[in-house]
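Presented below is the structure to which this report refers.
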Amino acid sequence: MNFQERIARSAIIQEIVKTERYIQEEMAWIAKCTSSMRLRDNLLLATLEEYCLRPVRNQPLIAYRSPKEWETYWQKLTPIQQTIVSQLKAGKTLEAIAIELNWKLNPVMREWSQIYLKAQAIRKAASN
């Protein structure tokens with residue numbers, strides 16, 4: 001899976017967590033079962049994996065719901081955001097990107113949040 005697909009799927013997973021009743025019920029059940037955040041996270045990831053691999057039209061749900069909106073998305077990014085995405089695609093961490101840009105980590109994380117929100121907006125527009 002390439003980086004663009006990972007970004008798109010991350011947005012889809014966020015949408016699933018926010019909108020799917022089954023996942024919300026599972027999250028509530030997990031919260032009742034353990035107070036360990038690490039265990040909760042692991043159980044949620046396993047639940048999401050199981051849910052996303054359910055077949056829809058003979059494809060995993062996650063593949064069925066992946067937007068193909070990369071070009072539109074890329075054009076909406078600022079040059080610095082494109083740089084960050086390119087560096088992440090090349091396998092660099094946000095910390096390494098911050099050092100390379102001579103920035104602190106927080107501004108890079110803010111840019112990453114904006115990158116994510118732009119992906120969400122395109123995903124939402126594509127579903128309407």
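Please note that chains go A, B, ... in the order of the structure tokens, that every chain numbers its residues from 1, and that ligands are numbered from 1 in the order shown.
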With only C-alpha atoms as the counted atoms, please give the residues lying no more than 12 Å from Thr93 in chain A, apart from itself and same-chain residues fewer than 5 positions off, as an NGL selection string.
:A and (84-88 or 98-100 or 105 or 108-109 or 112)
Store the residues picked out above, limited to all heavy atoms, as a JSON list (two decimals), in the first residue's frame.
```json
[["chain", "number", "residue", "atom", "x", "y", "z"],
["A", 84, "ILE", "N", 6.02, 18.12, 3.56],
["A", 84, "ILE", "CA", 5.84, 17.21, 4.70],
["A", 84, "ILE", "C", 5.30, 15.87, 4.22],
["A", 84, "ILE", "O", 5.81, 14.82, 4.62],
["A", 84, "ILE", "CB", 4.92, 17.86, 5.76],
["A", 84, "ILE", "CG1", 5.65, 19.05, 6.43],
["A", 84, "ILE", "CG2", 4.48, 16.83, 6.80],
["A", 84, "ILE", "CD1", 4.77, 19.91, 7.30],
["A", 85, "VAL", "N", 4.31, 15.90, 3.36],
["A", 85, "VAL", "CA", 3.74, 14.64, 2.85],
["A", 85, "VAL", "C", 4.80, 13.86, 2.08],
["A", 85, "VAL", "O", 4.94, 12.65, 2.25],
["A", 85, "VAL", "CB", 2.49, 14.91, 1.97],
["A", 85, "VAL", "CG1", 2.06, 13.66, 1.23],
["A", 85, "VAL", "CG2", 1.35, 15.45, 2.82],
["A", 86, "SER", "N", 5.57, 14.55, 1.24],
["A", 86, "SER", "CA", 6.63, 13.88, 0.48],
["A", 86, "SER", "C", 7.66, 13.24, 1.40],
["A", 86, "SER", "O", 8.12, 12.11, 1.15],
["A", 86, "SER", "CB", 7.32, 14.86, -0.47],
["A", 86, "SER", "OG", 6.41, 15.32, -1.44],
["A", 87, "GLN", "N", 8.04, 13.95, 2.46],
["A", 87, "GLN", "CA", 9.02, 13.42, 3.40],
["A", 87, "GLN", "C", 8.46, 12.21, 4.16],
["A", 87, "GLN", "O", 9.17, 11.23, 4.39],
["A", 87, "GLN", "CB", 9.47, 14.51, 4.37],
["A", 87, "GLN", "CG", 10.22, 15.65, 3.71],
["A", 87, "GLN", "CD", 11.52, 15.20, 3.07],
["A", 87, "GLN", "OE1", 12.18, 14.29, 3.53],
["A", 87, "GLN", "NE2", 11.89, 15.84, 1.98],
["A", 88, "LEU", "N", 7.19, 12.29, 4.55],
["A", 88, "LEU", "CA", 6.56, 11.15, 5.21],
["A", 88, "LEU", "C", 6.49, 9.95, 4.27],
["A", 88, "LEU", "O", 6.74, 8.82, 4.66],
["A", 88, "LEU", "CB", 5.16, 11.52, 5.71],
["A", 88, "LEU", "CG", 5.13, 12.45, 6.92],
["A", 88, "LEU", "CD1", 3.72, 13.00, 7.12],
["A", 88, "LEU", "CD2", 5.61, 11.72, 8.17],
["A", 98, "ALA", "N", 10.92, 17.89, 11.14],
["A", 98, "ALA", "CA", 11.09, 19.13, 11.90],
["A", 98, "ALA", "C", 12.55, 19.56, 11.91],
["A", 98, "ALA", "O", 12.87, 20.73, 11.69],
["A", 98, "ALA", "CB", 10.56, 18.96, 13.32],
["A", 99, "ILE", "N", 13.43, 18.61, 12.14],
["A", 99, "ILE", "CA", 14.87, 18.92, 12.15],
["A", 99, "ILE", "C", 15.31, 19.41, 10.78],
["A", 99, "ILE", "O", 16.02, 20.42, 10.67],
["A", 99, "ILE", "CB", 15.68, 17.68, 12.60],
["A", 99, "ILE", "CG1", 15.41, 17.40, 14.08],
["A", 99, "ILE", "CG2", 17.17, 17.89, 12.34],
["A", 99, "ILE", "CD1", 15.92, 16.05, 14.56],
["A", 100, "GLU", "N", 14.87, 18.73, 9.74],
["A", 100, "GLU", "CA", 15.25, 19.11, 8.37],
["A", 100, "GLU", "C", 14.75, 20.50, 8.01],
["A", 100, "GLU", "O", 15.43, 21.26, 7.32],
["A", 100, "GLU", "CB", 14.71, 18.07, 7.39],
["A", 100, "GLU", "CG", 15.24, 18.24, 5.99],
["A", 100, "GLU", "CD", 14.86, 17.07, 5.12],
["A", 100, "GLU", "OE1", 15.20, 15.93, 5.49],
["A", 100, "GLU", "OE2", 14.23, 17.29, 4.08],
["A", 105, "LEU", "N", 8.91, 20.61, 16.69],
["A", 105, "LEU", "CA", 7.98, 19.55, 16.35],
["A", 105, "LEU", "C", 6.53, 20.03, 16.29],
["A", 105, "LEU", "O", 5.77, 19.64, 15.40],
["A", 105, "LEU", "CB", 8.11, 18.38, 17.33],
["A", 105, "LEU", "CG", 7.21, 17.18, 17.07],
["A", 105, "LEU", "CD1", 7.44, 16.59, 15.68],
["A", 105, "LEU", "CD2", 7.43, 16.12, 18.14],
["A", 108, "VAL", "N", 5.23, 21.40, 12.95],
["A", 108, "VAL", "CA", 5.11, 20.32, 11.97],
["A", 108, "VAL", "C", 3.85, 19.50, 12.26],
["A", 108, "VAL", "O", 3.11, 19.15, 11.34],
["A", 108, "VAL", "CB", 6.38, 19.42, 11.97],
["A", 108, "VAL", "CG1", 6.19, 18.22, 11.05],
["A", 108, "VAL", "CG2", 7.59, 20.24, 11.55],
["A", 109, "MET", "N", 3.59, 19.25, 13.53],
["A", 109, "MET", "CA", 2.38, 18.51, 13.89],
["A", 109, "MET", "C", 1.13, 19.30, 13.55],
["A", 109, "MET", "O", 0.12, 18.72, 13.11],
["A", 109, "MET", "CB", 2.42, 18.12, 15.37],
["A", 109, "MET", "CG", 3.49, 17.07, 15.65],
["A", 109, "MET", "SD", 3.67, 16.64, 17.38],
["A", 109, "MET", "CE", 2.13, 15.79, 17.66],
["A", 112, "TRP", "N", 0.63, 18.88, 9.95],
["A", 112, "TRP", "CA", 0.12, 17.52, 9.71],
["A", 112, "TRP", "C", -1.37, 17.44, 10.02],
["A", 112, "TRP", "O", -2.13, 16.81, 9.29],
["A", 112, "TRP", "CB", 0.91, 16.50, 10.52],
["A", 112, "TRP", "CG", 0.42, 15.10, 10.33],
["A", 112, "TRP", "CD1", -0.08, 14.28, 11.28],
["A", 112, "TRP", "CD2", 0.38, 14.36, 9.11],
["A", 112, "TRP", "NE1", -0.43, 13.06, 10.72],
["A", 112, "TRP", "CE2", -0.16, 13.09, 9.39],
["A", 112, "TRP", "CE3", 0.73, 14.64, 7.80],
["A", 112, "TRP", "CZ2", -0.35, 12.12, 8.42],
["A", 112, "TRP", "CZ3", 0.55, 13.67, 6.83],
["A", 112, "TRP", "CH2", 0.01, 12.43, 7.15]]
```
What residues in range 12-115 of chain A get the DSSP label alpha helix (DSSP H)? Please answer as a ChimeraX atom specification.
/A:12-19,21-33,37-52,61-64,70-76,79-89,94-101,105-115
Within range 5-104 of chain A, find each residue whose DSSP state, derived from the backbone, is strand (DSSP E or B), and express the selection as a ChimeraX atom specification.
/A:55-56,59-60
CA of Leu44 in chain A to CA of Met27 in chain A, distance in Å rounded to a single decimal:
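Interatomic distance here is 6.6 Å.
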Quick one: of A:Thr47, A:Gln120, A:Asn102, A:Ser35, who's nearest to Gln14 in chain A, counting only C-alpha atoms?
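That would be A:Gln120, the residue with the smallest distance to Gln14 in chain A.
The gap separating CA of Tyr116 in chain A from CA of Glu71 in chain A is 15.0 Å, in Å to one decimal.
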Can you measure CA of Lys76 in chain A to CA of Ile122 in chain A for me? One decimal in Å is fine.
9.5 Å
Nearby residues (only C-alpha atoms) at most 10 Å from Thr78 in chain A, same-chain spacing under 4 positions excluded, as a list in words:
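So the residues in contact are Trp74, Gln82, Thr83, Ile84, Glu111 and Ile115 of chain A.
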Between A:Ala90, A:Glu95, A:Ser66, A:Gln81, which residue has the minimum interatomic distance to Ser113 in chain A, considering only C-alpha atoms?
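Answer, going by the shortest atom-to-atom distance: A:Gln81.
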Need the shell around Leu45 in chain A: protein/DNA/RNA residues with any atom at most 12 Å away, counting only C-alpha atoms. Skip same-chain ones fewer than 5 positions apart. Format as a list in words?
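My list of contacting residues is Ile13, Gln14, Val17, Ile23, Glu26, Met27, Ile30, Arg38, Leu39, Arg40, Glu50, Tyr51 and Cys52 of chain A.
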